[in-house]
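J.: Before I ask anything, let me first share the structure, which is written out below as structure tokens.
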Amino acid sequence: MRHFLDIADIAAADLKAILADAAAMKAARAGLPKGTLDSDPALPGRALAMIFEKSSTRTRVSFDMAIRQLGGSSLVLNAADMQLGRGESIPDTAKVLSRFVDAVMIRANAHEDVTEFAHFASVPVINGLTDRSHPCQIVADLLTLQEHFGDLGGLQLAWVGDGNNVAASFIHAAAKLGFELTLGCPDGYAPFEDDLAYATNSGAKVELTTDPRAAVAGADVVIADTFVSMGDTDADKRLGDLAPYSVTQSLMEMAKPKAVFLHCLPAHRGEEVSAAVIDGPRSLVFDEAENRLHGQKAILKWCFAG
Ligand code: CP
Ligand code: NVA
């Protein structure tokens with residue numbers, strides 16, 4: 001049995017296989033109505049439960065459509081409506097759900113809650129975002145870059161803004177796939193120490209600067225995310241501290257002439273990115289959002305292949 005909890009836990013060959021499978025499944029159903037099964041549905045009869053402690057549009061809908069296209073079904077559970085929200089333990093919840101469904105995806109506030117759930121579950125558990133990482137998002141992002149550039153290995157990526165959960169999963173991916181990643185984050189918003197240590201120990205080409213222009217200089221890909229993540233309580237301070245890290249046209253001009261822009265969405269135009277950039281010709285954000293679907297399908301298949 002395989003859990004999908006962090007890119008850091010996945011072998012590089014498996015990550016590449018997930019990306020290749022996602023691309024193949026996407027191509028194979030081009031033009032089909034979205035609600036139809038794949039021509040060769042890989043997971044007939046499998047039931048996926050999704051537990052949400054926080055809001056979601058893309059993760060919820062893409063996992064739901066993913067399991068349907070693969071021949072399975074899903075249940076969407078709001079954690080606050082479950083006994084979990086009244087104090088039932090994570091181990092008991094994990095053991096009970098493992099008797100009802102074939103896999104569980106969890107979006108949680110605390111990363112340790114997802115790892116604890118996985119420890120006690122007897123079915124695959126997928127991390128649908130925590131305070132510490134967002135591995136499914138990075139599969140979609142890498143798929144988008146693979147479609148655009150072909151090979152990922154020689155790319156130079158620039159992350160600008162808060163060194164948050166999504167940034168952490170990019171750091172893990174840089175270690176696995178060998179692309180260069182420079183993070184431009186102000187003091188107080190650097191990535192988590194554990195993830196920077198992981199990058200150092202794994203020999204990843206990851207650099208950190210407080211200068212957004214230096215981060216973007218010569219980049220093939222510029223990436224932004226919200227300045228205020230779900231669960232952050234200091235919105236006003238964050239918006240002030242991070243304002244100089246907004247991805248504007250003038251910042252994009254520091255990157256390569258053919259550089260592209262990624263953002264996991266939801267976006268806040270005029271905060272972490274200007275409308276001209278996210279709605280402009282270099283933005284791949286809607287391909288990126290669509291690729292959540294194809295990525296989730298490959299992640300689900302990888303989990304069940306264990
Ligand atoms: N990018 C992403 O995870 O979006 P949702 O919060 O809408 O799921
Ligand atoms: N960093 C953001 C990502 C949302 C998909 C958050 O955690 O809210």
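Identifiers in the structure tokens: chain A, B, ... in order shown; residue index from 1 per chain; ligand index from 1 in order shown.
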Where in segment 104-194 of chain A does DSSP assign alpha helix (DSSP H), given as a VMD selection string?
T.: chain A and resid 111 to 120 135 to 149 165 to 177 193 to 194
J.: What residues have any atom no more than 10 Å from ligand 1 when counting only C-alpha atoms and all ligand atoms, and can you list them as a VMD selection string?
T.: chain A and resid 52 54 to 63 107 128 to 129 134 to 138 140 166 225 229 to 230 263 to 267 288 to 289 292
J.: Based on the backbone DSSP call, show me all residues of segment 171-208 of chain A assigned strand (DSSP E), as a list in words.
T.: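 Written out, the strand (DSSP E) residues of segment 171-208 of chain A are Glu180, Leu181, Thr182, Leu183, Gly184, Val206, Glu207 and Leu208 of chain A.
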J.: Env of segment 213-221 of chain A: 9 Å cut, atoms = only C-alpha atoms, seq-sep filter 3 positions within chain, self excluded. Answer as a PyMOL selection string.
T.: chain A and resi 145+155-160+181-185+207-210+245+251-262
J.: Considering only C-alpha atoms, state which residue in the set A:Ala80, A:Leu37, A:Thr93, A:Thr248 is at the smallest distance from Asp279 of chain A.
T.: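 Among the listed residues, A:Thr248 lies closest to Asp279 of chain A.
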J.: Which residues are close to Ser98 of chain A, i.e. within 6 Å by only C-alpha atoms, leaving aside same-chain residues fewer than 2 positions away? Reply as a list in words.
T.: Lys95, Val96, Phe100, Val101, Ala121, Ser122 and Val123 of chain A
J.: Can you work out which one of A:Pro124, A:Gly188, A:Val228, A:Gly161 has the shortest atom-to-atom distance to Asp211 of chain A, counting only C-alpha atoms?
T.: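 Closest residue, counting only C-alpha atoms: A:Gly161.
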J.: With distances taken over only C-alpha atoms and all ligand atoms, which of A:Leu5, A:Val139, A:Ile18, A:Ala168 is nearest to ligand 2?
T.: A:Ala168
J.: What is the atom CA of Asp195 of chain A-atom CA of Ile171 of chain A distance in Å, reported with one decimal?
T.: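 That distance, rounded to one decimal, is 6.9 Å.
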J.: For Leu152 of chain A, work out the shell of residues within 8 Å, counting only C-alpha atoms and skipping chain neighbours fewer than 2 positions away, then give it as a list of chain:residue names.
T.: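 Non-adjacent residues within range: A:Leu142, A:Leu145, A:Gln146, A:Phe149, A:Gly150, A:Gly154, A:Leu155, A:Leu177, A:Gly178, A:Phe179.
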J.: Pick the closest to Ile7 of chain A from A:Ala305, A:Ala204, A:Ala197, A:Ala174: which is it, counting only C-alpha atoms?
T.: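 Between A:Ala305, A:Ala204, A:Ala197, A:Ala174, the residue approaching Ile7 of chain A most closely is A:Ala174.
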J.: Expressed in Å to a single decimal, how great is the separation between atom CA of Gln249 of chain A and atom CA of His148 of chain A?
T.: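 Between atom CA of Gln249 of chain A and atom CA of His148 of chain A the gap is 20.6 Å.
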J.: Closest to Pro44 of chain A among A:Ala110, A:Arg68, A:Phe227, A:Leu19, using only C-alpha atoms?
T.: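 The closest residue to Pro44 of chain A is A:Arg68.
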